[in-house]
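Trainee: Structure file coords.pdb (PDB, C-alpha atoms) right here:
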MODEL        1
ATOM      1  CA  MET N   1       0.000   0.000   0.000
ATOM      2  CA  THR N   2       1.346   3.437  -0.942
ATOM      3  CA  ASP N   3       1.094   6.486   1.266
ATOM      4  CA  THR N   4      -1.807   7.784  -0.810
ATOM      5  CA  GLN N   5      -3.932   4.635  -0.559
ATOM      6  CA  ILE N   6      -6.672   4.656   2.069
ATOM      7  CA  PRO N   7      -8.497   1.506   3.186
ATOM      8  CA  THR N   8     -12.122   1.709   2.104
ATOM      9  CA  GLU N   9     -13.502  -0.266   5.040
ATOM     10  CA  PRO N  10     -12.241  -1.886   8.237
ATOM     11  CA  ALA N  11     -12.115  -5.606   8.781
ATOM     12  CA  SER N  12     -15.639  -6.850   9.386
ATOM     13  CA  VAL N  13     -17.014  -7.417  12.882
ATOM     14  CA  SER N  14     -19.931  -9.810  13.141
ATOM     15  CA  ASN N  15     -23.079  -8.749  14.917
ATOM     16  CA  GLN N  16     -22.453 -11.509  17.466
ATOM     17  CA  GLN N  17     -19.260  -9.745  18.559
ATOM     18  CA  PHE N  18     -21.019  -6.521  19.483
ATOM     19  CA  PRO N  19     -21.887  -5.972  23.136
ATOM     20  CA  VAL N  20     -25.436  -5.724  24.357
ATOM     21  CA  GLY N  21     -26.682  -2.252  23.521
ATOM     22  CA  LEU N  22     -25.095  -2.252  20.064
ATOM     23  CA  ALA N  23     -26.030  -5.655  18.664
ATOM     24  CA  ARG N  24     -29.157  -6.101  16.538
ATOM     25  CA  THR N  25     -31.327  -9.032  17.524
ATOM     26  CA  GLN N  26     -33.308 -10.731  14.768
ATOM     27  CA  ASN N  27     -36.529 -12.767  14.738
ATOM     28  CA  ARG N  28     -37.644 -12.092  18.305
ATOM     29  CA  THR N  29     -41.304 -11.828  17.327
ATOM     30  CA  ARG N  30     -41.179 -15.142  15.496
ATOM     31  CA  ARG N  31     -39.499 -16.679  18.530
ATOM     32  CA  LEU N  32     -42.245 -15.392  20.838
ATOM     33  CA  ARG N  33     -44.950 -16.824  18.589
ATOM     34  CA  GLU N  34     -43.174 -20.190  18.622
ATOM     35  CA  LEU N  35     -42.968 -20.076  22.418
ATOM     36  CA  LEU N  36     -46.670 -19.251  22.721
ATOM     37  CA  ALA N  37     -47.543 -22.147  20.418
ATOM     38  CA  ALA N  38     -45.524 -24.622  22.503
ATOM     39  CA  SER N  39     -46.845 -26.549  25.472
ATOM     40  CA  ASP N  40     -44.798 -24.803  28.171
ATOM     41  CA  ILE N  41     -45.998 -21.546  29.682
ATOM     42  CA  VAL N  42     -43.990 -18.423  28.772
ATOM     43  CA  VAL N  43     -42.910 -16.624  31.948
ATOM     44  CA  ALA N  44     -42.054 -12.934  31.502
ATOM     45  CA  PRO N  45     -40.932 -11.125  34.673
ATOM     46  CA  GLY N  46     -41.408  -7.383  34.664
ATOM     47  CA  SER N  47     -38.733  -4.765  34.147
ATOM     48  CA  PHE N  48     -38.771  -0.984  34.258
ATOM     49  CA  ASP N  49     -35.253  -0.098  33.092
ATOM     50  CA  CYS N  50     -32.126  -1.549  31.506
ATOM     51  CA  ILE N  51     -30.754  -3.026  34.741
ATOM     52  CA  THR N  52     -33.913  -4.944  35.588
ATOM     53  CA  ALA N  53     -34.282  -6.112  31.968
ATOM     54  CA  ARG N  54     -30.720  -7.459  31.972
ATOM     55  CA  LEU N  55     -31.423  -9.270  35.250
ATOM     56  CA  VAL N  56     -34.423 -10.979  33.660
ATOM     57  CA  GLU N  57     -32.472 -12.147  30.631
ATOM     58  CA  THR N  58     -29.381 -13.307  32.517
ATOM     59  CA  ALA N  59     -31.631 -15.278  34.878
ATOM     60  CA  GLY N  60     -32.665 -17.365  31.866
ATOM     61  CA  PHE N  61     -36.277 -16.292  31.301
ATOM     62  CA  PRO N  62     -37.572 -16.558  27.714
ATOM     63  CA  ALA N  63     -39.160 -13.090  27.593
ATOM     64  CA  VAL N  64     -39.326  -9.817  29.515
ATOM     65  CA  TYR N  65     -42.378  -7.674  30.266
ATOM     66  CA  ILE N  66     -42.079  -3.878  30.434
ATOM     67  CA  THR N  67     -44.374  -2.743  33.222
ATOM     68  CA  GLY N  68     -46.174   0.540  32.743
ATOM     69  CA  SER N  69     -46.535   1.126  36.463
ATOM     70  CA  GLY N  70     -42.864   0.388  37.110
ATOM     71  CA  VAL N  71     -41.818   2.775  34.343
ATOM     72  CA  SER N  72     -44.116   5.473  35.727
ATOM     73  CA  MET N  73     -42.710   5.112  39.239
ATOM     74  CA  SER N  74     -39.092   5.052  38.112
ATOM     75  CA  ALA N  75     -39.319   7.763  35.435
ATOM     76  CA  LEU N  76     -41.856  10.195  36.896
ATOM     77  CA  GLY N  77     -42.091   9.272  40.554
ATOM     78  CA  ALA N  78     -45.824   8.769  40.050
ATOM     79  CA  PRO N  79     -48.084   5.721  40.486
ATOM     80  CA  ASP N  80     -49.851   4.110  37.549
ATOM     81  CA  VAL N  81     -52.392   6.875  36.903
ATOM     82  CA  GLY N  82     -51.818   7.456  33.185
ATOM     83  CA  LEU N  83     -49.311  10.317  33.402
ATOM     84  CA  MET N  84     -46.653   8.872  31.111
ATOM     85  CA  SER N  85     -46.724  10.333  27.611
ATOM     86  CA  PHE N  86     -46.344   8.172  24.535
ATOM     87  CA  SER N  87     -42.876   9.539  23.739
ATOM     88  CA  GLU N  88     -41.652   8.961  27.305
ATOM     89  CA  ILE N  89     -42.783   5.349  27.257
ATOM     90  CA  LEU N  90     -41.436   4.747  23.749
ATOM     91  CA  ASP N  91     -38.010   6.026  24.771
ATOM     92  CA  ARG N  92     -37.847   3.674  27.752
ATOM     93  CA  ILE N  93     -39.112   0.723  25.680
ATOM     94  CA  GLN N  94     -36.529   1.283  22.973
ATOM     95  CA  ARG N  95     -33.705   1.449  25.488
ATOM     96  CA  ILE N  96     -34.818  -1.763  27.181
ATOM     97  CA  ALA N  97     -35.285  -3.613  23.878
ATOM     98  CA  ASP N  98     -31.736  -2.623  22.895
ATOM     99  CA  VAL N  99     -30.134  -4.323  25.910
ATOM    100  CA  VAL N 100     -31.786  -7.755  25.718
ATOM    101  CA  SER N 101     -31.945 -10.450  23.062
ATOM    102  CA  ILE N 102     -35.118 -12.119  24.364
ATOM    103  CA  PRO N 103     -38.618 -11.104  23.187
ATOM    104  CA  VAL N 104     -39.999  -7.929  24.762
ATOM    105  CA  ILE N 105     -43.660  -7.616  25.778
ATOM    106  CA  ALA N 106     -44.700  -4.013  26.381
ATOM    107  CA  ASP N 107     -47.615  -2.404  28.183
ATOM    108  CA  ALA N 108     -49.291   0.032  25.764
ATOM    109  CA  ASP N 109     -52.100   1.095  28.123
ATOM    110  CA  THR N 110     -55.110   2.072  25.974
ATOM    111  CA  GLY N 111     -53.031   2.670  22.854
ATOM    112  CA  PHE N 112     -52.527   6.361  23.721
ATOM    113  CA  GLY N 113     -55.608   7.740  21.997
ATOM    114  CA  GLY N 114     -57.981   6.853  19.195
ATOM    115  CA  PRO N 115     -57.517   4.245  16.459
ATOM    116  CA  LEU N 116     -54.938   6.323  14.596
ATOM    117  CA  ASN N 117     -52.901   6.667  17.787
ATOM    118  CA  VAL N 118     -53.125   2.900  18.265
ATOM    119  CA  MET N 119     -51.790   2.379  14.743
ATOM    120  CA  ARG N 120     -48.873   4.702  15.402
ATOM    121  CA  THR N 121     -48.179   2.941  18.698
ATOM    122  CA  VAL N 122     -47.987  -0.442  16.964
ATOM    123  CA  ARG N 123     -45.675   0.832  14.220
ATOM    124  CA  ASP N 124     -43.326   2.610  16.632
ATOM    125  CA  PHE N 125     -43.256  -0.279  19.116
ATOM    126  CA  GLU N 126     -42.392  -2.679  16.288
ATOM    127  CA  ARG N 127     -39.546  -0.436  15.175
ATOM    128  CA  ALA N 128     -38.334  -0.245  18.782
ATOM    129  CA  GLY N 129     -37.950  -4.031  18.903
ATOM    130  CA  VAL N 130     -41.126  -5.021  20.754
ATOM    131  CA  SER N 131     -42.516  -8.496  20.046
ATOM    132  CA  ALA N 132     -45.889  -8.104  21.795
ATOM    133  CA  LEU N 133     -47.908  -5.180  23.062
ATOM    134  CA  GLN N 134     -50.780  -5.121  25.494
ATOM    135  CA  ILE N 135     -53.836  -2.908  24.876
ATOM    136  CA  GLU N 136     -56.589  -2.577  27.448
ATOM    137  CA  ASP N 137     -60.251  -1.570  27.373
ATOM    138  CA  GLN N 138     -60.135   1.107  30.044
ATOM    139  CA  ALA N 139     -61.275   4.666  29.510
ATOM    140  CA  TRP N 140     -58.692   7.412  29.889
ATOM    141  CA  PRO N 141     -57.181   8.227  32.316
ATOM    142  CA  LYS N 142     -56.514   4.566  32.996
ATOM    143  CA  LYS N 143     -55.746   3.053  36.388
ATOM    144  CA  CYS N 144     -53.767   0.093  37.671
ATOM    145  CA  GLY N 145     -55.669  -3.142  37.103
ATOM    146  CA  HIS N 146     -55.765  -3.944  40.814
ATOM    147  CA  GLU N 147     -57.001  -0.533  41.954
ATOM    148  CA  PRO N 148     -60.651   0.526  42.339
ATOM    149  CA  GLY N 149     -62.386   3.071  40.113
ATOM    150  CA  ARG N 150     -61.577   1.600  36.713
ATOM    151  CA  VAL N 151     -63.992   2.449  33.892
ATOM    152  CA  VAL N 152     -64.147   0.384  30.714
ATOM    153  CA  VAL N 153     -65.087   1.626  27.260
ATOM    154  CA  SER N 154     -67.715  -0.023  25.069
ATOM    155  CA  ILE N 155     -66.971  -3.333  23.404
ATOM    156  CA  GLU N 156     -67.214  -1.575  20.046
ATOM    157  CA  GLU N 157     -64.542   0.969  20.965
ATOM    158  CA  MET N 158     -62.159  -1.687  22.213
ATOM    159  CA  THR N 159     -62.635  -3.965  19.208
ATOM    160  CA  GLY N 160     -61.876  -0.913  17.084
ATOM    161  CA  ARG N 161     -58.583  -0.509  18.939
ATOM    162  CA  ILE N 162     -57.714  -4.146  18.296
ATOM    163  CA  LYS N 163     -58.617  -4.032  14.603
ATOM    164  CA  ALA N 164     -56.516  -0.895  14.177
ATOM    165  CA  ALA N 165     -53.579  -2.609  15.880
ATOM    166  CA  VAL N 166     -53.906  -5.716  13.732
ATOM    167  CA  ASP N 167     -54.083  -3.702  10.516
ATOM    168  CA  ALA N 168     -51.089  -1.548  11.478
ATOM    169  CA  ARG N 169     -48.606  -4.282  12.247
ATOM    170  CA  THR N 170     -45.974  -5.114   9.656
ATOM    171  CA  ASP N 171     -43.754  -7.555  11.548
ATOM    172  CA  GLY N 172     -46.373  -9.804  13.117
ATOM    173  CA  ILE N 173     -46.214  -8.205  16.565
ATOM    174  CA  VAL N 174     -48.388 -10.150  19.028
ATOM    175  CA  ILE N 175     -51.513  -8.263  20.150
ATOM    176  CA  VAL N 176     -52.494  -8.882  23.781
ATOM    177  CA  ALA N 177     -56.036  -7.679  24.557
ATOM    178  CA  ARG N 178     -56.725  -6.911  28.202
ATOM    179  CA  THR N 179     -60.157  -6.385  29.733
ATOM    180  CA  ASP N 180     -60.679  -4.716  33.110
ATOM    181  CA  ALA N 181     -64.389  -5.568  33.206
ATOM    182  CA  ARG N 182     -64.131  -8.253  35.913
ATOM    183  CA  SER N 183     -64.260  -5.795  38.811
ATOM    184  CA  THR N 184     -67.223  -3.755  37.511
ATOM    185  CA  GLU N 185     -69.258  -6.097  35.309
ATOM    186  CA  GLY N 186     -68.410  -9.541  36.694
ATOM    187  CA  LEU N 187     -66.396 -12.497  35.449
ATOM    188  CA  ASP N 188     -68.833 -13.715  32.789
ATOM    189  CA  ALA N 189     -69.001 -10.278  31.173
ATOM    190  CA  ALA N 190     -65.220  -9.997  31.235
ATOM    191  CA  ILE N 191     -64.797 -13.411  29.606
ATOM    192  CA  GLU N 192     -67.311 -12.505  26.913
ATOM    193  CA  ARG N 193     -65.432  -9.294  26.212
ATOM    194  CA  ALA N 194     -62.185 -11.247  25.932
ATOM    195  CA  ARG N 195     -63.810 -13.694  23.511
ATOM    196  CA  LEU N 196     -64.985 -10.841  21.292
ATOM    197  CA  TYR N 197     -61.560  -9.239  21.412
ATOM    198  CA  GLY N 198     -60.128 -12.515  20.168
ATOM    199  CA  GLU N 199     -62.622 -12.509  17.294
ATOM    200  CA  ALA N 200     -61.459  -8.974  16.454
ATOM    201  CA  GLY N 201     -57.922 -10.298  15.963
ATOM    202  CA  ALA N 202     -56.165 -10.302  19.339
ATOM    203  CA  ASP N 203     -53.625 -13.110  19.670
ATOM    204  CA  VAL N 204     -53.566 -13.388  23.482
ATOM    205  CA  LEU N 205     -56.454 -12.689  25.865
ATOM    206  CA  PHE N 206     -55.902 -11.092  29.264
ATOM    207  CA  VAL N 207     -58.742 -10.991  31.803
ATOM    208  CA  GLU N 208     -57.437  -8.674  34.502
ATOM    209  CA  SER N 209     -57.890  -9.225  38.268
ATOM    210  CA  PRO N 210     -59.767 -12.523  38.593
ATOM    211  CA  GLU N 211     -60.279 -13.103  42.299
ATOM    212  CA  SER N 212     -59.743 -16.833  42.898
ATOM    213  CA  GLU N 213     -58.100 -19.930  41.515
ATOM    214  CA  ALA N 214     -61.544 -21.096  40.408
ATOM    215  CA  GLU N 215     -61.939 -17.934  38.329
ATOM    216  CA  LEU N 216     -58.519 -18.489  36.749
ATOM    217  CA  GLU N 217     -59.625 -21.992  35.778
ATOM    218  CA  THR N 218     -62.947 -20.724  34.398
ATOM    219  CA  ILE N 219     -61.210 -18.211  32.147
ATOM    220  CA  ASN N 220     -59.285 -20.966  30.390
ATOM    221  CA  ARG N 221     -62.238 -23.317  30.222
ATOM    222  CA  LYS N 222     -64.306 -20.708  28.377
ATOM    223  CA  LEU N 223     -61.690 -19.102  26.127
ATOM    224  CA  GLU N 224     -60.025 -20.862  23.222
ATOM    225  CA  LYS N 225     -57.194 -18.463  22.407
ATOM    226  CA  PRO N 226     -53.971 -18.260  24.446
ATOM    227  CA  THR N 227     -54.436 -16.500  27.779
ATOM    228  CA  LEU N 228     -52.263 -14.374  30.060
ATOM    229  CA  ALA N 229     -52.074 -14.507  33.851
ATOM    230  CA  ASN N 230     -51.035 -11.371  35.732
ATOM    231  CA  MET N 231     -49.345 -12.114  39.055
ATOM    232  CA  VAL N 232     -49.455  -9.019  41.277
ATOM    233  CA  GLU N 233     -48.236  -9.498  44.825
ATOM    234  CA  GLY N 234     -50.845  -8.045  47.177
ATOM    235  CA  GLY N 235     -53.358  -7.578  44.360
ATOM    236  CA  ARG N 236     -56.810  -9.025  43.718
ATOM    237  CA  THR N 237     -55.600 -12.243  42.071
ATOM    238  CA  PRO N 238     -53.964 -15.093  44.013
ATOM    239  CA  VAL N 239     -50.286 -15.403  43.120
ATOM    240  CA  LEU N 240     -49.721 -18.988  42.002
ATOM    241  CA  PRO N 241     -46.524 -20.781  40.931
ATOM    242  CA  TYR N 242     -46.248 -20.676  37.174
ATOM    243  CA  PRO N 243     -46.347 -24.501  36.805
ATOM    244  CA  LYS N 244     -49.794 -24.298  38.405
ATOM    245  CA  LEU N 245     -50.806 -21.544  35.984
ATOM    246  CA  GLN N 246     -49.675 -23.778  33.129
ATOM    247  CA  ALA N 247     -51.801 -26.602  34.505
ATOM    248  CA  LEU N 248     -54.767 -24.227  34.582
ATOM    249  CA  GLY N 249     -54.279 -23.544  30.871
ATOM    250  CA  PHE N 250     -52.389 -20.249  30.687
ATOM    251  CA  SER N 251     -49.902 -19.708  27.867
ATOM    252  CA  LEU N 252     -48.231 -16.607  29.290
ATOM    253  CA  ALA N 253     -47.575 -15.346  32.812
ATOM    254  CA  ILE N 254     -46.233 -11.949  33.787
ATOM    255  CA  PHE N 255     -44.861 -10.914  37.176
ATOM    256  CA  PRO N 256     -44.856  -7.195  36.388
ATOM    257  CA  ASN N 257     -43.565  -5.534  39.551
ATOM    258  CA  SER N 258     -41.916  -8.316  41.550
ATOM    259  CA  LEU N 259     -38.488  -6.798  40.917
ATOM    260  CA  THR N 260     -39.810  -3.305  41.588
ATOM    261  CA  ARG N 261     -41.119  -4.322  44.996
ATOM    262  CA  LEU N 262     -38.037  -6.318  45.940
ATOM    263  CA  LEU N 263     -35.582  -3.607  44.923
ATOM    264  CA  GLY N 264     -37.637  -1.018  46.786
ATOM    265  CA  LYS N 265     -37.600  -2.992  50.009
ATOM    266  CA  THR N 266     -33.982  -4.102  49.716
ATOM    267  CA  GLY N 267     -32.918  -0.551  48.958
ATOM    268  CA  ALA N 268     -34.740   0.730  52.017
ATOM    269  CA  THR N 269     -33.043  -1.929  54.152
ATOM    270  CA  LEU N 270     -29.596  -0.988  52.842
ATOM    271  CA  LEU N 271     -30.105   2.723  53.431
ATOM    272  CA  SER N 272     -31.381   2.088  56.929
ATOM    273  CA  ALA N 273     -28.288   0.001  57.688
ATOM    274  CA  LEU N 274     -26.003   2.705  56.284
ATOM    275  CA  LYS N 275     -27.710   5.375  58.363
ATOM    276  CA  THR N 276     -27.496   3.427  61.623
ATOM    277  CA  SER N 277     -24.126   1.666  61.234
ATOM    278  CA  GLY N 278     -22.233   4.076  58.992
ATOM    279  CA  THR N 279     -21.326   1.370  56.461
ATOM    280  CA  THR N 280     -22.828  -0.874  53.765
ATOM    281  CA  ALA N 281     -20.517  -3.771  54.662
ATOM    282  CA  GLY N 282     -23.279  -5.726  56.326
ATOM    283  CA  MET N 283     -25.241  -5.777  53.060
ATOM    284  CA  ALA N 284     -22.322  -6.687  50.803
ATOM    285  CA  ASP N 285     -23.453 -10.289  50.329
ATOM    286  CA  ASN N 286     -26.758  -8.997  48.940
ATOM    287  CA  MET N 287     -25.089  -6.835  46.289
ATOM    288  CA  LEU N 288     -23.447  -7.361  42.941
ATOM    289  CA  ASP N 289     -19.843  -6.273  43.361
ATOM    290  CA  HIS N 290     -18.228  -3.803  40.958
ATOM    291  CA  THR N 291     -17.157  -6.416  38.412
ATOM    292  CA  GLU N 292     -20.430  -8.332  38.531
ATOM    293  CA  LEU N 293     -22.456  -5.181  37.890
ATOM    294  CA  TRP N 294     -20.331  -4.157  34.934
ATOM    295  CA  ASP N 295     -20.342  -7.696  33.548
ATOM    296  CA  LEU N 296     -24.140  -7.615  33.588
ATOM    297  CA  PHE N 297     -23.746  -5.277  30.615
ATOM    298  CA  GLU N 298     -20.889  -7.194  28.945
ATOM    299  CA  ASN N 299     -18.138  -4.793  29.931
ATOM    300  CA  LYS N 300     -15.401  -6.946  28.356
ATOM    301  CA  ARG N 301     -17.087  -6.755  24.940
ATOM    302  CA  TRP N 302     -17.371  -2.971  25.165
ATOM    303  CA  ARG N 303     -13.677  -2.746  26.056
ATOM    304  CA  ALA N 304     -12.620  -5.115  23.292
ATOM    305  CA  LEU N 305     -14.596  -3.160  20.705
ATOM    306  CA  GLU N 306     -13.115   0.110  21.903
ATOM    307  CA  ASP N 307      -9.594  -1.331  21.751
ATOM    308  CA  ARG N 308     -10.190  -2.559  18.207
ATOM    309  CA  TYR N 309     -10.423   1.007  16.989
ATOM    310  CA  GLY N 310      -7.329   2.236  18.786
ATOM    311  CA  ALA N 311      -8.843   3.898  21.826
ATOM    312  CA  SER N 312      -6.699   3.823  24.902
TER     313      SER N 312
ENDMDL
END
How does the structure come out when it is put into structure tokens?
Mentor:
Amino acid sequence: MTDTQIPTEPASVSNQQFPVGLARTQNRTRRLRELLAASDIVVAPGSFDCITARLVETAGFPAVYITGSGVSMSALGAPDVGLMSFSEILDRIQRIADVVSIPVIADADTGFGGPLNVMRTVRDFERAGVSALQIEDQAWPKKCGHEPGRVVVSIEEMTGRIKAAVDARTDGIVIVARTDARSTEGLDAAIERARLYGEAGADVLFVESPESEAELETINRKLEKPTLANMVEGGRTPVLPYPKLQALGFSLAIFPNSLTRLLGKTGATLLSALKTSGTTAGMADNMLDHTELWDLFENKRWRALEDRYGAS
């Protein structure tokens, strides 16, 4: 090579060599559909940021659920009362989807408006790397599914949301239809709504806040499409082991704020210990150390990539 010749491109680096956060993951939606079609239940613990999402993946779970309430608490310091804007949620979803290779299931509340808003939500969530999104039949402003005062829209309005979502998708994103009618209209009405939402094109049916194991069993006896169980500690629904939920007929189980609750309590315990003893040493066994925390995000791959391009 003469002094005037300039290489046109560097030696290639495969996508598999990139660290989490830079790599592009392919076929996650197809993988989620295959998981849902299999006999084993898909368990998707909840996350609200990149750290909790990485914990879910490294623990070996097949999918991760992005909890709307957890995002609201962590991003705005507000409970799940519908304050998060579409752009705020989309930003958090995109960041989480970038740091995991497993399918991402995202809470889309009511779709953030009318049918056109729902269509935009589906398109943007697909581009962000989401494999499934959950749309509910609450009126705005929505509330947490285990809180009182929820109001549901008409069946016609909700089926319109679902049809808009189905028509908007380009990558086969899974549509999860949630009904909050159990607490106001009764279980039979909620199941009938779910059935109609399935006829409108929803792939997975989600009857929120059933109040007993018998009700969980009834949901699956009366619905033919795959169903989702929402395990909320301290909520209206009994929290059952996921093998039991599988035996009851559920295809998907989410534990949306288990990590949120645990980290909140553990954090409070650590801070109390620091305040009273002057040190965190007594909690060290409950922490990731410096190397373990950095390795959660593939620090060695980041360093190797940086070194490849001559950074020191």
Trainee: What's the 9 Å shell around Ala53 of chain N, counting only C-alpha atoms, without same-chain residues fewer than 2 positions away, as a list of chain:residue names?
Mentor: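 Residues near the query, excluding close chain neighbours: N:Pro45, N:Gly46, N:Ser47, N:Phe48, N:Asp49, N:Cys50, N:Ile51, N:Leu55, N:Val56, N:Glu57, N:Thr58, N:Val64, N:Tyr65, N:Ile66, N:Ile96, N:Ala97, N:Val99, N:Val100.
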Trainee: Counting all atoms listed in the file, which residues in segment 98-153 of chain N sit no more than 7 Å from segment 157-169 of chain N? For each one, give the nearest pair of atoms and the distance in Å, sorted by chain then residue number, as a Markdown table.
Mentor:
| residue | atom | partner | partner_atom | distance |
| --- | --- | --- | --- | --- |
| N:Pro115 | CA | N:Arg161 | CA | 5.5 |
| N:Val118 | CA | N:Ala165 | CA | 6.0 |
| N:Met119 | CA | N:Ala168 | CA | 5.2 |
| N:Val122 | CA | N:Ala165 | CA | 6.1 |
| N:Arg123 | CA | N:Arg169 | CA | 6.2 |
| N:Asp137 | CA | N:Met158 | CA | 5.5 |
| N:Val153 | CA | N:Glu157 | CA | 6.4 |
Trainee: Using all atoms listed in the file, which residues sit within 12 Å of Ile102 of chain N once same-chain residues fewer than 4 positions away are excluded, as a PDB file with C-alpha atoms, keeping the file's coordinate frame?
Mentor:
ATOM      1  CA  VAL N  20     -25.436  -5.724  24.357  1.00  0.00           C
ATOM      2  CA  ARG N  24     -29.157  -6.101  16.538  1.00  0.00           C
ATOM      3  CA  THR N  25     -31.327  -9.032  17.524  1.00  0.00           C
ATOM      4  CA  GLN N  26     -33.308 -10.731  14.768  1.00  0.00           C
ATOM      5  CA  ASN N  27     -36.529 -12.767  14.738  1.00  0.00           C
ATOM      6  CA  ARG N  28     -37.644 -12.092  18.305  1.00  0.00           C
ATOM      7  CA  THR N  29     -41.304 -11.828  17.327  1.00  0.00           C
ATOM      8  CA  ARG N  30     -41.179 -15.142  15.496  1.00  0.00           C
ATOM      9  CA  ARG N  31     -39.499 -16.679  18.530  1.00  0.00           C
ATOM     10  CA  LEU N  32     -42.245 -15.392  20.838  1.00  0.00           C
ATOM     11  CA  LEU N  35     -42.968 -20.076  22.418  1.00  0.00           C
ATOM     12  CA  VAL N  42     -43.990 -18.423  28.772  1.00  0.00           C
ATOM     13  CA  VAL N  43     -42.910 -16.624  31.948  1.00  0.00           C
ATOM     14  CA  ALA N  44     -42.054 -12.934  31.502  1.00  0.00           C
ATOM     15  CA  PRO N  45     -40.932 -11.125  34.673  1.00  0.00           C
ATOM     16  CA  ALA N  53     -34.282  -6.112  31.968  1.00  0.00           C
ATOM     17  CA  ARG N  54     -30.720  -7.459  31.972  1.00  0.00           C
ATOM     18  CA  LEU N  55     -31.423  -9.270  35.250  1.00  0.00           C
ATOM     19  CA  VAL N  56     -34.423 -10.979  33.660  1.00  0.00           C
ATOM     20  CA  GLU N  57     -32.472 -12.147  30.631  1.00  0.00           C
ATOM     21  CA  THR N  58     -29.381 -13.307  32.517  1.00  0.00           C
ATOM     22  CA  ALA N  59     -31.631 -15.278  34.878  1.00  0.00           C
ATOM     23  CA  GLY N  60     -32.665 -17.365  31.866  1.00  0.00           C
ATOM     24  CA  PHE N  61     -36.277 -16.292  31.301  1.00  0.00           C
ATOM     25  CA  PRO N  62     -37.572 -16.558  27.714  1.00  0.00           C
ATOM     26  CA  ALA N  63     -39.160 -13.090  27.593  1.00  0.00           C
ATOM     27  CA  VAL N  64     -39.326  -9.817  29.515  1.00  0.00           C
ATOM     28  CA  TYR N  65     -42.378  -7.674  30.266  1.00  0.00           C
ATOM     29  CA  ILE N  96     -34.818  -1.763  27.181  1.00  0.00           C
ATOM     30  CA  ALA N  97     -35.285  -3.613  23.878  1.00  0.00           C
ATOM     31  CA  ASP N  98     -31.736  -2.623  22.895  1.00  0.00           C
ATOM     32  CA  GLY N 129     -37.950  -4.031  18.903  1.00  0.00           C
ATOM     33  CA  VAL N 130     -41.126  -5.021  20.754  1.00  0.00           C
ATOM     34  CA  SER N 131     -42.516  -8.496  20.046  1.00  0.00           C
ATOM     35  CA  ALA N 132     -45.889  -8.104  21.795  1.00  0.00           C
TER      36      ALA N 132
END
Trainee: Have a look at atom CA of Ser12 of chain N and atom CA of Asp295 of chain N and let me know their distance in Å, one decimal.
Mentor: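 We find that atom CA of Ser12 of chain N and atom CA of Asp295 of chain N lie 24.6 Å from each other.
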Trainee: Counting all atoms listed in the file, figure out which residue out of N:Thr52, N:Ser87, N:Gln246, N:Ser74 gets nearest to Ser39 of chain N.
Mentor: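 That would be N:Gln246, the residue with the smallest distance to Ser39 of chain N.
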Trainee: When you draw a straight line from atom CA of Asn230 of chain N to atom CA of Ile254 of chain N, how long is it in Å?
Mentor: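 If I compute the distance from atom CA of Asn230 of chain N to atom CA of Ile254 of chain N, I get 5.2 Å.
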Trainee: Which residue is closest to Asp285 of chain N? Choose from N:Leu263, N:Phe112, N:Leu270, N:Leu90 and count only C-alpha atoms.
Mentor: N:Leu270
Trainee: So how many Å separate atom CA of Thr260 of chain N and atom CA of Gly70 of chain N, to one decimal?
Mentor: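 Value for the atom CA of Thr260 of chain N-atom CA of Gly70 of chain N distance: 6.6 Å.
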Trainee: Which residue gives the smallest distance to Val232 of chain N among N:Asp40, N:Ala181, N:Thr67, N:Asp171, with all atoms listed in the file counted?
Mentor: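 Closest candidate: N:Thr67.
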Trainee: Around all of segment 167-179 of chain N's listed atoms, make the axis-aligned box with 8 Å on each side and tell me centre and edge lengths in Å to one decimal, as AutoDock Vina command-line options.
Mentor:
--center_x -52.0 --center_y -5.8 --center_z 19.7 --size_x 32.4 --size_y 24.6 --size_z 36.1
